[in-house]
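J.: Pasting upload38.csv below, which is CSV, C-alpha atoms.
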chain,number,residue,atom,x,y,z
A,1,MET,CA,72.4,99.7,101.2
A,2,ALA,CA,69.2,98.2,100.0
A,3,PHE,CA,69.3,94.5,99.0
A,4,GLY,CA,66.2,94.3,97.0
A,5,LEU,CA,64.9,90.9,95.8
A,6,GLY,CA,68.3,89.4,95.6
A,7,GLY,CA,69.2,89.9,99.3
A,8,ALA,CA,69.5,86.2,100.1
A,9,ALA,CA,71.7,85.5,97.1
A,10,TRP,CA,73.9,88.5,97.9
A,11,LEU,CA,74.4,87.2,101.5
A,12,CYS,CA,75.3,83.8,100.0
A,13,HIS,CA,78.0,85.5,98.1
A,14,GLN,CA,79.7,86.3,101.4
A,15,LEU,CA,79.4,82.7,102.5
A,16,TRP,CA,81.2,81.5,99.3
A,17,GLU,CA,83.8,84.2,99.7
A,18,HIS,CA,84.6,83.0,103.2
A,19,TYR,CA,85.3,79.5,101.8
A,20,LEU,CA,87.5,81.0,99.0
A,21,TYR,CA,89.7,82.8,101.6
A,22,THR,CA,89.8,80.0,104.2
A,23,GLY,CA,89.4,76.7,102.3
A,24,ASP,CA,87.2,75.5,105.2
A,25,LYS,CA,85.3,72.6,103.6
A,26,GLU,CA,83.5,71.8,106.9
A,27,PHE,CA,82.1,75.3,106.9
A,28,LEU,CA,81.2,75.0,103.2
A,29,GLN,CA,79.5,71.6,103.8
A,30,LYS,CA,77.6,72.3,107.0
A,31,ARG,CA,76.9,76.0,106.9
A,32,ALA,CA,77.4,77.7,103.5
A,33,TYR,CA,76.3,75.2,100.9
A,34,PRO,CA,72.9,74.4,102.5
A,35,GLU,CA,72.0,78.2,102.5
A,36,MET,CA,73.4,78.7,99.0
A,37,LYS,CA,71.4,75.7,97.7
A,38,GLY,CA,68.2,76.9,99.4
A,39,ALA,CA,68.6,80.4,97.8
A,40,ALA,CA,69.4,78.8,94.4
A,41,GLU,CA,66.3,76.6,94.6
A,42,PHE,CA,64.2,79.7,95.2
A,43,PHE,CA,65.5,81.4,92.1
A,44,VAL,CA,65.2,78.3,90.0
A,45,HIS,CA,61.5,78.5,90.6
A,46,PHE,CA,61.2,82.3,90.7
A,47,LEU,CA,62.8,83.1,87.3
A,48,VAL,CA,60.3,83.3,84.4
A,49,LYS,CA,60.6,83.5,80.7
A,50,ASP,CA,60.3,87.0,79.3
A,51,PRO,CA,57.7,86.9,76.4
A,52,LYS,CA,59.6,89.7,74.5
A,53,THR,CA,63.2,88.4,74.6
A,54,GLY,CA,62.9,84.7,75.6
A,55,TYR,CA,65.3,85.2,78.4
A,56,LEU,CA,64.7,84.1,82.0
A,57,ILE,CA,64.2,87.2,84.1
A,58,SER,CA,63.5,88.2,87.7
A,59,THR,CA,60.1,89.7,88.1
A,60,PRO,CA,58.4,91.5,89.8
A,61,SER,CA,61.4,93.3,91.2
A,62,ASN,CA,63.3,96.6,91.2
A,63,SER,CA,66.7,98.2,91.0
A,64,PRO,CA,66.9,99.1,94.7
A,65,GLU,CA,65.4,102.5,95.5
A,66,HIS,CA,65.6,103.6,91.9
A,67,GLY,CA,63.0,103.4,89.1
A,68,GLY,CA,60.2,101.7,90.8
A,69,LEU,CA,58.8,98.2,90.2
A,70,VAL,CA,60.2,96.6,87.0
A,71,ALA,CA,60.7,93.3,85.3
A,72,GLY,CA,64.3,92.1,84.9
A,73,PRO,CA,66.6,94.5,86.6
A,74,THR,CA,70.3,94.0,85.8
A,75,MET,CA,71.4,93.8,89.4
A,76,ASP,CA,69.1,90.8,90.1
A,77,HIS,CA,70.5,88.9,87.1
A,78,GLN,CA,74.1,89.6,88.1
A,79,ILE,CA,73.5,88.4,91.6
A,80,ILE,CA,71.5,85.3,90.6
A,81,ARG,CA,74.2,84.3,88.1
A,82,ASP,CA,76.8,84.7,90.8
A,83,LEU,CA,74.8,82.4,93.1
A,84,PHE,CA,74.3,79.8,90.5
A,85,LYS,CA,78.0,79.8,89.5
A,86,ASN,CA,79.1,79.5,93.1
A,87,CYS,CA,76.6,76.7,93.9
A,88,ILE,CA,77.9,74.8,90.9
A,89,GLU,CA,81.5,75.1,92.1
A,90,ALA,CA,80.6,74.3,95.7
A,91,ALA,CA,78.8,71.1,94.7
A,92,LYS,CA,81.8,70.2,92.7
A,93,VAL,CA,84.1,70.8,95.7
A,94,LEU,CA,81.9,68.7,97.9
A,95,ASN,CA,81.2,66.1,95.2
A,96,ILE,CA,77.4,66.2,95.7
A,97,ASP,CA,74.2,67.3,93.9
A,98,LYS,CA,75.4,66.8,90.3
A,99,ALA,CA,71.8,66.8,89.0
A,100,PHE,CA,71.0,70.1,90.8
A,101,ALA,CA,74.3,71.6,89.5
A,102,ASP,CA,73.3,70.6,86.0
A,103,THR,CA,70.0,72.3,86.4
A,104,LEU,CA,71.7,75.5,87.5
A,105,LYS,CA,74.0,75.4,84.5
A,106,PHE,CA,71.0,75.1,82.2
A,107,LYS,CA,69.2,78.0,83.9
A,108,TYR,CA,72.4,80.1,84.1
A,109,SER,CA,72.7,80.1,80.3
A,110,GLN,CA,69.1,81.4,79.9
A,111,ILE,CA,69.2,84.4,82.3
A,112,ALA,CA,69.1,87.8,80.6
A,113,PRO,CA,72.6,89.0,80.0
A,114,ASN,CA,74.2,92.3,80.7
A,115,LYS,CA,73.4,94.7,77.9
A,116,ILE,CA,75.0,97.8,76.5
A,117,GLY,CA,72.6,100.7,75.8
A,118,ARG,CA,72.3,103.4,73.2
A,119,TYR,CA,74.6,105.7,75.2
A,120,GLY,CA,77.3,103.1,75.5
A,121,GLN,CA,76.3,102.5,79.1
A,122,LEU,CA,75.7,99.3,81.0
A,123,GLN,CA,71.9,99.1,81.2
A,124,GLU,CA,70.4,99.2,84.6
A,125,TRP,CA,67.2,97.6,83.4
A,126,LEU,CA,66.2,95.1,80.7
A,127,GLU,CA,64.9,98.0,78.6
A,128,ASP,CA,67.3,100.6,77.3
A,129,LYS,CA,65.9,103.5,79.3
A,130,ASP,CA,68.9,104.9,81.3
A,131,ASP,CA,69.0,108.7,81.7
A,132,THR,CA,72.4,110.2,81.2
A,133,THR,CA,71.5,113.2,83.5
A,134,ASP,CA,70.5,110.9,86.3
A,135,THR,CA,73.0,111.1,89.2
A,136,HIS,CA,71.2,108.8,91.6
A,137,ARG,CA,73.5,107.5,94.5
A,138,HIS,CA,72.5,103.9,93.8
A,139,VAL,CA,74.7,102.2,91.1
A,140,SER,CA,73.1,98.8,91.5
A,141,HIS,CA,73.9,97.5,88.0
A,142,MET,CA,77.6,97.8,89.0
A,143,TRP,CA,77.2,94.8,91.2
A,144,GLY,CA,78.8,92.7,88.5
A,145,VAL,CA,81.9,94.8,88.8
A,146,TYR,CA,82.0,94.8,92.6
A,147,PRO,CA,81.4,92.8,94.7
A,148,GLY,CA,80.6,90.5,91.8
A,149,THR,CA,83.2,89.4,89.3
A,150,GLU,CA,81.5,88.8,85.9
A,151,ILE,CA,82.5,92.3,84.6
A,152,SER,CA,86.2,92.7,84.6
A,153,LEU,CA,89.3,93.4,82.4
A,154,LYS,CA,88.5,90.1,80.8
A,155,THR,CA,85.2,91.5,79.5
A,156,PRO,CA,86.5,94.8,78.0
A,157,GLU,CA,83.3,95.9,76.2
A,158,LEU,CA,81.2,95.4,79.3
A,159,LEU,CA,83.8,97.1,81.5
A,160,LYS,CA,83.9,100.1,79.2
A,161,ALA,CA,80.1,100.3,79.4
A,162,ALA,CA,80.2,100.1,83.2
A,163,GLU,CA,82.8,102.9,83.2
A,164,GLN,CA,80.5,105.0,81.0
A,165,SER,CA,77.6,104.5,83.5
A,166,MET,CA,79.8,105.5,86.4
A,167,LYS,CA,80.8,108.7,84.6
A,168,TYR,CA,77.1,109.6,84.0
A,169,ARG,CA,76.2,109.0,87.6
A,170,GLY,CA,79.1,111.2,88.8
A,171,ASP,CA,81.2,111.2,92.0
A,172,GLU,CA,78.8,112.6,94.6
A,173,GLY,CA,76.7,110.7,97.1
A,174,THR,CA,76.4,109.9,100.7
A,175,GLY,CA,78.9,107.8,102.6
A,176,TRP,CA,78.0,104.2,101.7
A,177,SER,CA,77.4,105.1,98.0
A,178,ILE,CA,80.9,106.8,97.8
A,179,ALA,CA,82.5,103.8,99.5
A,180,TRP,CA,80.9,101.5,96.8
A,181,LYS,CA,82.3,103.7,94.1
A,182,VAL,CA,85.8,103.4,95.7
A,183,ASN,CA,85.6,99.7,95.2
A,184,ILE,CA,84.2,99.9,91.7
A,185,TRP,CA,86.9,102.2,90.4
A,186,ALA,CA,89.6,100.1,92.1
A,187,ARG,CA,88.2,97.0,90.3
A,188,MET,CA,88.5,98.9,87.0
A,189,HIS,CA,92.2,99.5,87.9
A,190,GLU,CA,91.5,103.3,88.0
A,191,GLY,CA,93.6,104.0,91.0
A,192,ASN,CA,93.4,107.8,90.9
A,193,HIS,CA,89.6,107.8,90.5
A,194,ALA,CA,89.3,105.4,93.4
A,195,TYR,CA,91.5,107.6,95.5
A,196,LEU,CA,89.3,110.6,94.6
A,197,MET,CA,86.3,108.7,95.9
A,198,LEU,CA,88.2,107.7,99.0
A,199,SER,CA,89.0,111.4,99.6
A,200,LYS,CA,85.3,112.2,99.2
A,201,LEU,CA,84.4,109.4,101.6
A,202,LEU,CA,86.7,111.0,104.2
A,203,SER,CA,85.3,114.5,103.6
A,204,PRO,CA,83.0,116.0,106.3
A,205,ALA,CA,79.3,115.7,105.6
A,206,ASP,CA,77.4,118.9,104.8
A,207,VAL,CA,74.5,118.8,107.2
A,208,THR,CA,73.6,122.5,107.0
A,209,SER,CA,72.1,122.7,103.5
A,210,GLY,CA,69.2,120.4,104.4
A,211,LYS,CA,70.4,117.9,101.8
A,212,GLU,CA,73.1,115.8,103.3
A,213,LYS,CA,76.2,115.2,101.2
A,214,GLY,CA,79.7,114.0,101.9
A,215,GLY,CA,81.3,111.0,103.4
A,216,VAL,CA,81.6,111.1,107.2
A,217,TYR,CA,80.5,113.0,110.3
A,218,HIS,CA,83.1,114.6,112.5
A,219,ASN,CA,83.4,111.4,114.5
A,220,LEU,CA,84.2,109.5,111.3
A,221,PHE,CA,80.9,107.6,111.3
A,222,ASP,CA,79.6,107.0,107.8
A,223,ALA,CA,77.3,109.9,106.8
A,224,HIS,CA,74.0,108.5,105.5
A,225,PRO,CA,71.1,109.6,107.7
A,226,PRO,CA,71.3,108.7,110.4
A,227,PHE,CA,74.4,106.3,110.2
A,228,GLN,CA,75.2,103.2,108.2
A,229,ILE,CA,78.3,101.2,109.0
A,230,ASP,CA,78.7,99.9,105.4
A,231,GLY,CA,80.3,103.2,104.4
A,232,ASN,CA,83.1,102.7,107.0
A,233,PHE,CA,83.6,99.0,106.1
A,234,GLY,CA,83.3,99.8,102.4
A,235,GLY,CA,86.0,102.4,102.6
A,236,VAL,CA,88.5,100.0,104.1
A,237,ALA,CA,87.5,97.3,101.6
A,238,GLY,CA,88.1,99.8,98.8
A,239,LEU,CA,91.6,100.7,100.0
A,240,ALA,CA,92.4,97.0,100.1
A,241,GLU,CA,91.1,96.6,96.5
A,242,MET,CA,93.5,99.3,95.5
A,243,LEU,CA,96.5,97.4,96.9
A,244,LEU,CA,95.6,93.8,96.2
A,245,GLN,CA,92.9,91.9,94.2
A,246,SER,CA,92.4,88.1,94.0
A,247,GLN,CA,88.9,87.7,92.7
A,248,GLY,CA,90.2,86.0,89.5
A,249,ASP,CA,92.7,83.2,89.1
A,250,VAL,CA,95.6,85.4,90.1
A,251,ILE,CA,96.7,87.6,93.0
A,252,GLU,CA,97.3,91.1,91.5
A,253,LEU,CA,99.7,93.3,93.4
A,254,LEU,CA,99.1,97.1,93.5
A,255,PRO,CA,96.4,96.8,90.7
A,256,ALA,CA,95.0,100.3,91.4
A,257,LEU,CA,97.7,102.2,93.2
A,258,PRO,CA,97.1,105.9,93.0
A,259,THR,CA,99.9,108.4,92.3
A,260,ALA,CA,99.0,110.1,95.6
A,261,LEU,CA,100.4,107.0,97.5
A,262,PRO,CA,103.8,106.6,95.9
A,263,GLN,CA,105.2,104.7,98.9
A,264,GLY,CA,103.9,102.5,101.7
A,265,SER,CA,103.6,99.1,103.1
A,266,ILE,CA,100.9,96.7,104.3
A,267,LYS,CA,101.0,93.6,106.5
A,268,GLY,CA,98.6,90.7,106.9
A,269,ILE,CA,96.4,91.4,103.9
A,270,CYS,CA,94.6,88.2,102.9
A,271,ALA,CA,94.0,86.8,99.4
A,272,ARG,CA,91.7,84.1,98.2
A,273,GLY,CA,93.3,80.7,98.2
A,274,GLY,CA,94.5,81.0,101.8
A,275,PHE,CA,97.4,83.4,101.4
A,276,VAL,CA,98.5,86.2,103.7
A,277,LEU,CA,100.7,88.9,102.2
A,278,ASP,CA,103.1,91.5,103.5
A,279,PHE,CA,104.6,93.9,100.9
A,280,GLU,CA,106.2,97.3,100.5
A,281,TRP,CA,106.2,99.7,97.6
A,282,GLN,CA,108.4,102.8,96.9
A,283,ASN,CA,108.2,105.4,94.1
A,284,GLY,CA,105.0,103.7,93.0
A,285,ARG,CA,106.6,100.4,92.4
A,286,LEU,CA,106.7,97.1,94.3
A,287,LYS,CA,109.8,96.8,96.5
A,288,SER,CA,109.5,93.6,98.4
A,289,LEU,CA,106.9,90.8,99.1
A,290,GLN,CA,106.4,88.0,101.5
A,291,VAL,CA,103.6,85.4,101.1
A,292,LEU,CA,102.4,83.0,103.8
A,293,SER,CA,100.6,80.0,102.5
A,294,LYS,CA,97.9,78.7,104.9
A,295,LEU,CA,96.6,75.9,102.7
A,296,GLY,CA,99.5,74.9,100.6
A,297,LYS,CA,97.9,75.7,97.2
A,298,THR,CA,99.6,77.0,94.1
A,299,CYS,CA,100.1,80.8,94.4
A,300,ARG,CA,99.8,82.7,91.2
A,301,LEU,CA,101.2,86.3,91.5
A,302,ASN,CA,100.9,89.1,89.0
A,303,TYR,CA,102.7,92.4,89.0
A,304,GLY,CA,104.0,94.7,86.3
A,305,GLY,CA,102.9,92.5,83.4
A,306,LYS,CA,104.6,89.4,84.9
A,307,THR,CA,102.8,86.4,86.2
A,308,ILE,CA,104.5,83.6,88.2
A,309,ASP,CA,103.2,80.3,89.7
A,310,VAL,CA,104.7,79.2,93.0
A,311,GLU,CA,104.0,75.7,94.4
A,312,THR,CA,103.6,76.3,98.2
A,313,GLN,CA,103.6,74.2,101.3
A,314,LYS,CA,101.1,74.7,104.1
A,315,GLY,CA,102.5,77.0,106.8
A,316,LYS,CA,105.5,78.1,104.8
A,317,SER,CA,106.4,81.7,103.8
A,318,TYR,CA,108.0,82.8,100.6
A,319,ARG,CA,109.9,86.0,99.8
A,320,PHE,CA,110.2,87.9,96.5
A,321,ASP,CA,112.0,90.9,95.2
A,322,ALA,CA,110.5,93.8,93.1
A,323,ASP,CA,110.6,91.6,90.0
A,324,LEU,CA,108.8,88.7,91.7
A,325,LYS,CA,112.0,86.7,91.8
A,326,GLN,CA,111.9,84.3,94.7
A,327,LEU,CA,114.6,85.0,97.3
Just give me the structure as structure tokens.
T.:
Amino acid sequence: MAFGLGGAAWLCHQLWEHYLYTGDKEFLQKRAYPEMKGAAEFFVHFLVKDPKTGYLISTPSNSPEHGGLVAGPTMDHQIIRDLFKNCIEAAKVLNIDKAFADTLKFKYSQIAPNKIGRYGQLQEWLEDKDDTTDTHRHVSHMWGVYPGTEISLKTPELLKAAEQSMKYRGDEGTGWSIAWKVNIWARMHEGNHAYLMLSKLLSPADVTSGKEKGGVYHNLFDAHPPFQIDGNFGGVAGLAEMLLQSQGDVIELLPALPTALPQGSIKGICARGGFVLDFEWQNGRLKSLQVLSKLGKTCRLNYGGKTIDVETQKGKSYRFDADLKQL
């Protein structure tokens, strides 16, 4: 998919995610943080004050492949906030660059926020100009839902607005777009809608009508002319999001399990914090769970409205029953 102006910051998101999963401080210090800081320094200088609103905005820019050149697209601001937040946290972990982190905190608070428009939608742009009949395949302003984390169940008004935008855009698209929608609906804990999108992702592409639609070619390559691997990778990521999410301060088990998958099991799925999980579910409910701790951190698990904290030791495994009772 198109990165747009925020491409460097988006890539830095992946560097920080690598650290969150592995806890590798050497990687963070030598490889990730220097790149993250460089990208953040660029945006510190690039953001300008909008004369109409007083917010810091990204301009000139666009909402990738949709709407042309604009000032202050929502996607940019979501990505830049994510970069600044992660840089602040990385500097804290490494105990360096306090002055720079303070600069980022100050700038962060001034960036134009997500806004809800007249249709109850999450605005794609600084201006309230979304078209409810627009079914464009790009849903760039959903970045804050996935892969970002600033729009979640903890921000119900924004999440409702994002859901409204998703409904207006509809469920069609080419492969990578459908894959992104799988992940977005999973983050919203809408398992059945996420499964609908996964089914569409695996549907054969229509190449006879002249306007290509559908998810995959007959060889299962992602269908977006001519071929883009992000649809294949995105589909797998979406399925993982349906079964486990750890982007917050807790590991959520089966957060978006669809009714079409009442039983199953998964082994070796990773969660942020250095945890590897094997679990099984039956009749739509968790049956058993095993957690391997690779870093020895506190493991916070959530399932069925219950949250528990487990103090772990590096290299040890922990078993739980369907009610998260440790065995």
J.: Need to verify the contact set: Cys12 (chain A), 8 Å, only C-alpha atoms, exclusion of same-chain residues closer than 2 positions in sequence. Can you return it as a compact mmCIF listing (two decimals) with C-alpha atoms, in the frame of the given file?
T.:
# COMPACT_ATOMS: atom_id res chain seq x y z
CA ALA A 8 69.50 86.20 100.10
CA ALA A 9 71.70 85.50 97.10
CA TRP A 10 73.90 88.50 97.90
CA GLN A 14 79.70 86.30 101.40
CA LEU A 15 79.40 82.70 102.50
CA TRP A 16 81.20 81.50 99.30
CA ALA A 32 77.40 77.70 103.50
CA GLU A 35 72.00 78.20 102.50
CA MET A 36 73.40 78.70 99.00
CA ALA A 39 68.60 80.40 97.80
CA LEU A 83 74.80 82.40 93.10
J.: I'd like the contact shell of region 309-326 of chain A - 9 Å cut-off, all atoms listed in the file, skipping same-chain residues fewer than 3 positions apart - returned as a list in words.
T.: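 Here the answer would be Trp281, Arg285, Leu286, Lys287, Ser288, Leu289, Gln290, Val291, Leu292, Ser293, Lys294, Leu295, Gly296, Lys297, Thr298, Cys299, Arg300, Leu301, Asn302, Tyr303, Gly304 and Lys306 of chain A.
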J.: Could you check which residues have any atom within 10 Å of (93.1, 102.2, 94.1), counting only C-alpha atoms with coordinates taken straight from the file, and then list them as a PyMOL selection string?
T.: chain A and resi 182-198+238-244+254-261
J.: Please return as a CSV table (one decimal) with C-alpha atoms, in the frame of the given file every residue within 12 Å of (80.4, 71.5, 93.1), taking into account only C-alpha atoms and the file's own coordinates.
T.:
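This is the output file part.csv:
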chain,number,residue,atom,x,y,z
A,16,TRP,CA,81.2,81.5,99.3
A,25,LYS,CA,85.3,72.6,103.6
A,28,LEU,CA,81.2,75.0,103.2
A,29,GLN,CA,79.5,71.6,103.8
A,33,TYR,CA,76.3,75.2,100.9
A,36,MET,CA,73.4,78.7,99.0
A,37,LYS,CA,71.4,75.7,97.7
A,84,PHE,CA,74.3,79.8,90.5
A,85,LYS,CA,78.0,79.8,89.5
A,86,ASN,CA,79.1,79.5,93.1
A,87,CYS,CA,76.6,76.7,93.9
A,88,ILE,CA,77.9,74.8,90.9
A,89,GLU,CA,81.5,75.1,92.1
A,90,ALA,CA,80.6,74.3,95.7
A,91,ALA,CA,78.8,71.1,94.7
A,92,LYS,CA,81.8,70.2,92.7
A,93,VAL,CA,84.1,70.8,95.7
A,94,LEU,CA,81.9,68.7,97.9
A,95,ASN,CA,81.2,66.1,95.2
A,96,ILE,CA,77.4,66.2,95.7
A,97,ASP,CA,74.2,67.3,93.9
A,98,LYS,CA,75.4,66.8,90.3
A,99,ALA,CA,71.8,66.8,89.0
A,100,PHE,CA,71.0,70.1,90.8
A,101,ALA,CA,74.3,71.6,89.5
A,102,ASP,CA,73.3,70.6,86.0
A,104,LEU,CA,71.7,75.5,87.5
A,105,LYS,CA,74.0,75.4,84.5
J.: Excluding Glu124 (chain A) and any residue of its chain fewer than 4 positions from it, enumerate the residues within 10 Å of it, using all atoms listed in the file, and give them as a PyMOL selection string.
T.: chain A and resi 63+66-67+72-75+114-117+128-130+139-142+162+165
J.: Compare A:Gln78, A:Ser177, A:Gln263, A:Gln228 by their minimum atom-to-atom distance to Thr135 (chain A), counting all atoms listed in the file, and give me the closest one.
T.: A:Ser177
J.: So how many Å separate CA of Asp249 (chain A) and CA of Gly231 (chain A), to one decimal?
T.: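 Atom-to-atom, CA of Asp249 (chain A) to CA of Gly231 (chain A), that is 28.1 Å.
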J.: Which is closest to Ala179 (chain A) among A:Val145, A:Thr132, A:Phe233, A:Ile151, if we use all atoms listed in the file?
T.: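 Smallest distance to Ala179 (chain A) is found for A:Phe233.
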J.: Measuring between all atoms listed in the file, which one of A:Leu56, A:Lys181, A:Lys107, A:Leu69 shows the shortest distance to Glu41 (chain A)?
T.: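 Among the listed residues, the smallest separation from Glu41 (chain A) belongs to A:Lys107.
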J.: Which of these residues is nearest to Glu150 (chain A), using all atoms listed in the file: A:Asp230, A:Asp82, A:Glu65, A:Glu17?
T.: A:Asp82
J.: For a quick check of understanding, using all atoms listed in the file, which of A:Ile178, A:Ala71, A:Phe279, A:Gln123 has the smallest distance to Val236 (chain A)?
T.: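 Nearest candidate to Val236 (chain A) out of A:Ile178, A:Ala71, A:Phe279, A:Gln123: A:Ile178.
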J.: Find the distance between CA of Ser152 (chain A) and CA of Pro262 (chain A) and write it in Å to one decimal.
T.: 25.1 Å
J.: Taking all atoms listed in the file into account, name the residue in A:Thr22, A:Thr155, A:Thr174, A:Asn219 that is nearest to Leu201 (chain A).
T.: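 The closest residue to Leu201 (chain A) is A:Thr174.
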